[in-house]
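Working notes for the structure below.
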Amino acid sequence: MLRKLTIDFETRSAAPLKKCGAAAYAAHPSTEVICLALKPEGYEPVIWFSPNFDSAIPHLPAGCIVTSQRVQMLMQEAEIIEAHNASFEYFIWKYVMPKYGFNMFDVSKLRCSAAKAAMFGLPRDLAGACAALGVPQQKDIEGSKLMLRLCKPRAAHKDEKIADPDWESKLYWYGTPEEFAREGQYCMQDVRAEEALSNALPDLPEYEQKVWQWDLEVNDRGIRIDIPTVETTVKCVEEHSARLTASFRRLTGLQSPKQRDATLQHLLSLGVQMDGLTAKDVEHALATTEDGAAKEILEIRKSLSKSSTAKYQAFLNSVCPDNRVRGALMYHGAGTGRWSGRLIQPQNFPRGAFSQVDFCISLFARGDLESVELFFGDPMIAASTCLRGMIIPEEGMDFVCADYSSIEGRVLAWLAGEETALEVYRSGRDPYKVNAAAIYMVDYENVTKPQRQVGKVAELALGYQGSVGAFNAMAVNYGVKLPESEVKTIVDSWREVHPETVRMWREMEHACELAVKNPGSVFTYRTARFVVRTIHGTPFLAMRLPSGRCLWYCRPRMEPKTMSWGEQKMVVAYDGVNSMTKKFGTQYLYGGLLTENLTQATARDLLVNGMLNAEKHDYRIVMHVHDEAVAEIKEGRGDVKEFESLLCALPDWAAGLPIKAEGWRGKRYKK
């Protein structure tokens, strides 16, 4: 019996993979498999070429070539089938391999080495992960360059255009038999590297493997898009953009508002005082300039720079033939185990500007741009506000959605043992008002709306050791602006009424440092356990969560670091992926960050528990965004309160956590 089989496809298509995603790419009629490499555990790789590319076979050693029958036999015999970013292999097998007579394999066997790398805090890409661990087999970078050349169509040559009057309707490709043979060698090296990477890391824990498998199922269900309305909305936006561009040319003599430097110079010549053309610069200039022409130019710039409308094109790029976007959620997209978004990026939809979304969508649906402008003003803002509403349930189904209320604040208070804060949540009082009452030393009932807003910023900004800078950064999002002296007082007040949270920052950092200085010994603070383990020669710091899952930090060590106030201090450093730059390199841990990681990872585990509970009761999860779950259920079935209750059913490890969710039911996704 074969224990593990590592596989990797090389394909080509007219569909742009990065824009449309694996599912729409695989479903595109032009997509074809060039070759499939397979590496049985303990043996050298073998390779299968599809019929259109079998001219490559004579240029490779005969012993590495396998038939279709042998491929099917290996897939059936293997106990585990592994790939890197395995959802790509899944969708290729589902949509493309039937063209060559292949049946679908048992998907329960599928494993993903990219998911393992992400769980251990390594780069998700194969080359980056292999380099980070220094495994004996590395990705073939030169072969990768050839693959990128062979996977996309080329422009038709002059003689091809002359010889074939129908050349515009055909696809032309690069590639000789020798080049396809070289690509086969590259593909076989990939499975060597994938196996080496996988062997250097433990498998996903059994429960997490089930979560990954469920995530594959959710991504395969997809998110249904109201494509007819998306298309008419795009036409309205294009018509509006064309009108504004024409007005811009008339006002400036320039060809396009995208001519940034020329536009800025023109505005400066009109007496507008501004340093650049960022959204903040434009807003400030609109508020301060008196020149009518300048205001009109600025309004055009503001409208056309509404980047969120680009998501309409993302809908069209990534939708499958059945109008569903598949693969929009990435398992373990963040170091805490939370998901990140892909393609349409559901985590990054903008906030709406008005509440009458259904009415606005009905206007866009019939292409009534004039009415959109009459009722809602700028069509770009209207289109941006309607984005969520373009996501709809299947025919005969409803959306049932629920969002955890103040989940991070609740989890943080529970983890820290902050009983005063926990009592606020248990009593149903507003934590933002409670914060404001403490900050302004007024009764809870007398807190004003502006004071509550300050209390909200404090709650969101200060829980992870944030100070004045963190408060001010968060305050911008909520229209709060206070003098620095007042912010410092607010920070001190918040910390005074949250002593256990402050203690948690300090003690988490101390336990982490002790674990790094004493590899193999376990150090605990309340529910968090720290230990350094060496895995196949590479040390990792593990932080065990209340759920039993671990967060991993590669090559932990003590290093000197110059702090923001000028002092040099020995801190815990590790090798990880920078959340901003996405580059792998030295990162640093401190009490507030450890607390944030622990809190967000625990909230993620609660969401997973809740969604799996809901699945057992026929609520078919199709999407989840931050702390919100979105399910499809048949009309007349299910209930919002039941869905909320299922999400809030606590696992044994979370006893005593005062969790709450608020939901709704409808025919269009909304916030």
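Ordering of the structure tokens sets the chain letters (A, B, ...), residue numbers begin anew at 1 in every chain, and ligands are numbered from 1 in the order given.
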With DSSP run on the backbone, what are the alpha helix (DSSP H) residues within segment 385-571 of chain A? I'd like them as a ChimeraX atom specification.
/A:385,407-416,419-427,431-440,449-461,468-475,484-496,499-517
Neighbours of Met119 of chain A within 9 Å (only C-alpha atoms; same-chain residues fewer than 2 positions away dropped), as a PyMOL selection string?
chain A and resi 114-117+121-122+204+332+334-337+550-552
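The neighbours of Tyr574 of chain A here are the residues that come within 9 Å of it, using only C-alpha atoms and leaving out any residue fewer than 3 positions away in the same chain; they are Phe540, Leu541, Tyr553, Cys554, Arg555, Pro556, Arg557, Met558, Gly585, Thr586, Gln587, Tyr588 and Leu589 of chain A.
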Which residues, written as a list in words, have at least one atom at most 7 Å from Met380 of chain A, with only C-alpha atoms counted and residues fewer than 4 positions away on the same chain left out?
Val237, Ser303, Lys306, Thr309 and Ser384 of chain A
Since we have the selection now, will you write its residues out, keeping N, CA and C atoms, as a tab-separated table (two decimals), in the first residue's frame?
chain	number	residue	atom	x	y	z
A	237	VAL	N	-21.39	52.73	-14.41
A	237	VAL	CA	-20.14	53.31	-13.92
A	237	VAL	C	-19.27	53.78	-15.09
A	303	SER	N	-14.39	61.26	-7.33
A	303	SER	CA	-15.32	60.24	-7.80
A	303	SER	C	-14.60	59.12	-8.54
A	306	LYS	N	-12.52	56.21	-6.72
A	306	LYS	CA	-13.22	55.27	-5.84
A	306	LYS	C	-12.84	53.85	-6.23
A	309	THR	N	-14.96	50.29	-6.58
A	309	THR	CA	-15.76	49.87	-7.73
A	309	THR	C	-15.01	48.88	-8.60
A	384	SER	N	-20.33	51.62	-4.94
A	384	SER	CA	-19.54	51.11	-3.84
A	384	SER	C	-20.42	50.63	-2.70
Applying 7 Å and only C-alpha atoms, which residues near segment 149-157 of chain A remain after dropping the ones on its own chain fewer than 4 positions away? List them as a list in words.
Thr11, Arg12, Ser13, Ala14, Lys145, Lys161, Leu171, Tyr172, Trp173, Tyr174 and Gly175 of chain A
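Compared by their closest atoms to Glu596 of chain A, and using only C-alpha atoms, the residues A:Leu277, A:Val411, A:Ile392, A:Leu5 rank with A:Val411 nearest.
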Residues at most 12 Å from Val476 of chain A, counting only C-alpha atoms, excluding those fewer than 4 positions away in the same chain, as a PyMOL selection string?
chain A and resi 280+453-454+457+461+469-472+480-482
Using C-alpha atoms, can you export the residues from the last selection as a PDB file, in the first residue's frame?
ATOM      1  CA  LYS A 280      -7.142  63.135   2.413  1.00  0.00           C
ATOM      2  CA  GLN A 453     -17.223  57.337  20.581  1.00  0.00           C
ATOM      3  CA  VAL A 454     -14.086  58.053  22.610  1.00  0.00           C
ATOM      4  CA  VAL A 457     -11.830  54.038  20.273  1.00  0.00           C
ATOM      5  CA  ALA A 461      -7.146  50.569  20.343  1.00  0.00           C
ATOM      6  CA  GLY A 469      -0.160  56.439  18.795  1.00  0.00           C
ATOM      7  CA  ALA A 470      -2.526  53.461  18.634  1.00  0.00           C
ATOM      8  CA  PHE A 471      -5.403  55.571  19.985  1.00  0.00           C
ATOM      9  CA  ASN A 472      -4.827  58.318  17.423  1.00  0.00           C
ATOM     10  CA  VAL A 480     -12.329  61.467  16.979  1.00  0.00           C
ATOM     11  CA  LYS A 481      -9.594  64.099  17.371  1.00  0.00           C
ATOM     12  CA  LEU A 482      -8.220  64.984  20.790  1.00  0.00           C
TER      13      LEU A 482
END
Kindly provide the residues of segment 388-455 of chain A that approach segment 526-534 of chain A to within 9 Å, each paired with its closest atom pair and their distance in Å to one decimal, based on only C-alpha atoms, listed by chain and increasing number, as CSV.
residue,atom,partner,partner_atom,distance
A:Leu415,CA,A:Thr527,CA,6.8
A:Ala416,CA,A:Arg526,CA,7.7
A:Gly417,CA,A:Arg526,CA,8.6
With N, CA and C atoms retained, write the just-selected residues as a PDB file, in the first residue's frame.
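Below is the file that was written, selection_9.pdb:
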ATOM      1  N   LEU A 415      -9.726  35.793  28.730  1.00  0.00           N
ATOM      2  CA  LEU A 415      -8.354  35.287  28.811  1.00  0.00           C
ATOM      3  C   LEU A 415      -7.579  35.927  29.957  1.00  0.00           C
ATOM      4  N   ALA A 416      -7.799  37.230  30.159  1.00  0.00           N
ATOM      5  CA  ALA A 416      -7.059  37.960  31.189  1.00  0.00           C
ATOM      6  C   ALA A 416      -7.645  37.768  32.580  1.00  0.00           C
ATOM      7  N   GLY A 417      -8.888  37.262  32.645  1.00  0.00           N
ATOM      8  CA  GLY A 417      -9.559  37.176  33.943  1.00  0.00           C
ATOM      9  C   GLY A 417      -9.977  38.541  34.446  1.00  0.00           C
TER      10      GLY A 417
END
Any idea what's packed within 12 Å of Ala246 of chain A, counting only C-alpha atoms, ignoring anything in its chain fewer than 5 positions away? Could you give it as a PDB file with C-alpha atoms, in the first residue's frame?
ATOM      1  CA  GLU A 239     -20.937  55.871 -18.682  1.00  0.00           C
ATOM      2  CA  HIS A 240     -20.487  58.067 -15.610  1.00  0.00           C
ATOM      3  CA  SER A 241     -16.680  57.795 -15.865  1.00  0.00           C
ATOM      4  CA  LEU A 251     -11.534  71.903 -17.622  1.00  0.00           C
ATOM      5  CA  THR A 252      -7.825  71.026 -17.721  1.00  0.00           C
ATOM      6  CA  GLY A 253      -6.775  70.284 -21.297  1.00  0.00           C
ATOM      7  CA  LEU A 254      -5.339  66.998 -20.006  1.00  0.00           C
ATOM      8  CA  GLN A 255      -6.316  63.598 -21.396  1.00  0.00           C
ATOM      9  CA  SER A 256      -7.073  61.773 -18.126  1.00  0.00           C
ATOM     10  CA  PRO A 257      -7.385  62.272 -14.356  1.00  0.00           C
ATOM     11  CA  ILE A 297     -11.743  69.031 -10.933  1.00  0.00           C
ATOM     12  CA  ILE A 300     -14.050  64.459 -10.556  1.00  0.00           C
TER      13      ILE A 300
END
Please identify the strand (DSSP E) residues within segment 395-606 of chain A (assignment by DSSP from backbone atoms) and present them as a PyMOL selection string.
chain A and resi 397-404+523-525+528-535+538-544+550-562+568-577+584-589
Go ahead and write the selection's residues with C-alpha atoms as an mmCIF file, in the first residue's frame.
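Below is the file result.cif, written as the result:
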data_model
loop_
_atom_site.group_PDB
_atom_site.id
_atom_site.type_symbol
_atom_site.label_atom_id
_atom_site.label_comp_id
_atom_site.auth_asym_id
_atom_site.auth_seq_id
_atom_site.Cartn_x
_atom_site.Cartn_y
_atom_site.Cartn_z
ATOM 1 C CA MET A 397 -32.610 29.782 -0.574
ATOM 2 C CA ASP A 398 -32.161 32.623 1.931
ATOM 3 C CA PHE A 399 -29.094 34.043 3.553
ATOM 4 C CA VAL A 400 -28.978 33.656 7.314
ATOM 5 C CA CYS A 401 -26.083 35.644 8.755
ATOM 6 C CA ALA A 402 -24.808 36.440 12.222
ATOM 7 C CA ASP A 403 -21.893 38.438 13.576
ATOM 8 C CA TYR A 404 -20.259 37.962 16.965
ATOM 9 C CA PHE A 523 6.006 28.149 30.892
ATOM 10 C CA THR A 524 2.390 29.122 31.440
ATOM 11 C CA TYR A 525 0.385 32.249 32.029
ATOM 12 C CA ALA A 528 -1.429 30.279 27.356
ATOM 13 C CA ARG A 529 1.450 27.775 27.397
ATOM 14 C CA PHE A 530 4.839 28.486 25.821
ATOM 15 C CA VAL A 531 7.491 25.948 24.849
ATOM 16 C CA VAL A 532 10.307 25.750 22.285
ATOM 17 C CA ARG A 533 10.395 22.499 20.292
ATOM 18 C CA THR A 534 12.910 21.429 17.651
ATOM 19 C CA ILE A 535 11.187 19.967 14.602
ATOM 20 C CA THR A 538 14.460 23.700 13.204
ATOM 21 C CA PRO A 539 13.455 25.277 16.538
ATOM 22 C CA PHE A 540 9.905 26.632 16.863
ATOM 23 C CA LEU A 541 8.251 28.484 19.711
ATOM 24 C CA ALA A 542 4.768 27.094 20.302
ATOM 25 C CA MET A 543 2.047 29.095 22.048
ATOM 26 C CA ARG A 544 -0.708 26.676 23.019
ATOM 27 C CA CYS A 550 -0.826 26.062 18.725
ATOM 28 C CA LEU A 551 0.574 29.186 17.134
ATOM 29 C CA TRP A 552 4.133 28.674 15.896
ATOM 30 C CA TYR A 553 7.078 31.066 15.628
ATOM 31 C CA CYS A 554 10.142 29.904 13.677
ATOM 32 C CA ARG A 555 13.670 30.094 15.141
ATOM 33 C CA PRO A 556 12.893 32.030 18.347
ATOM 34 C CA ARG A 557 15.836 33.801 19.981
ATOM 35 C CA MET A 558 16.755 36.711 22.235
ATOM 36 C CA GLU A 559 18.063 39.733 20.305
ATOM 37 C CA PRO A 560 18.784 43.380 21.154
ATOM 38 C CA LYS A 561 16.266 45.849 19.726
ATOM 39 C CA THR A 562 16.227 49.629 19.921
ATOM 40 C CA GLN A 568 18.013 49.103 23.685
ATOM 41 C CA LYS A 569 16.373 46.014 25.114
ATOM 42 C CA MET A 570 16.733 42.236 24.731
ATOM 43 C CA VAL A 571 13.518 40.921 23.200
ATOM 44 C CA VAL A 572 12.176 37.729 21.619
ATOM 45 C CA ALA A 573 12.849 37.681 17.868
ATOM 46 C CA TYR A 574 11.768 35.053 15.357
ATOM 47 C CA ASP A 575 11.630 34.493 11.588
ATOM 48 C CA GLY A 576 8.172 35.176 10.197
ATOM 49 C CA VAL A 577 6.085 36.792 7.488
ATOM 50 C CA PHE A 584 9.849 36.685 5.435
ATOM 51 C CA GLY A 585 12.433 37.916 7.908
ATOM 52 C CA THR A 586 13.104 38.920 11.497
ATOM 53 C CA GLN A 587 10.026 39.840 13.540
ATOM 54 C CA TYR A 588 9.701 40.708 17.231
ATOM 55 C CA LEU A 589 7.336 39.618 19.999
#
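Considering only C-alpha atoms, the residue among A:Glu500, A:Glu160, A:Glu10, A:Asp291 positioned nearest to Leu412 of chain A is A:Glu500.
The shortest atom-to-atom distance to Phe105 of chain A, with only C-alpha atoms taken into account, belongs to A:Met73 out of A:Met73, A:Cys20, A:Leu422, A:Val434.
The smallest atom-to-atom distance between Val372 of chain A and any of A:Leu650, A:Val357, A:Glu423, A:Leu316, using only C-alpha atoms, is found for A:Val357.
Comparing the minimum interatomic distances between Val622 of chain A and each of A:Cys130, A:Leu329, A:Leu267, A:Leu201, counting only C-alpha atoms, we find that A:Leu329 sits nearest.
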Using only C-alpha atoms for the distances, tell me which of A:Thr289, A:Thr229, A:Ser405, A:Gln259 is nearest to Glu662 of chain A.
A:Ser405
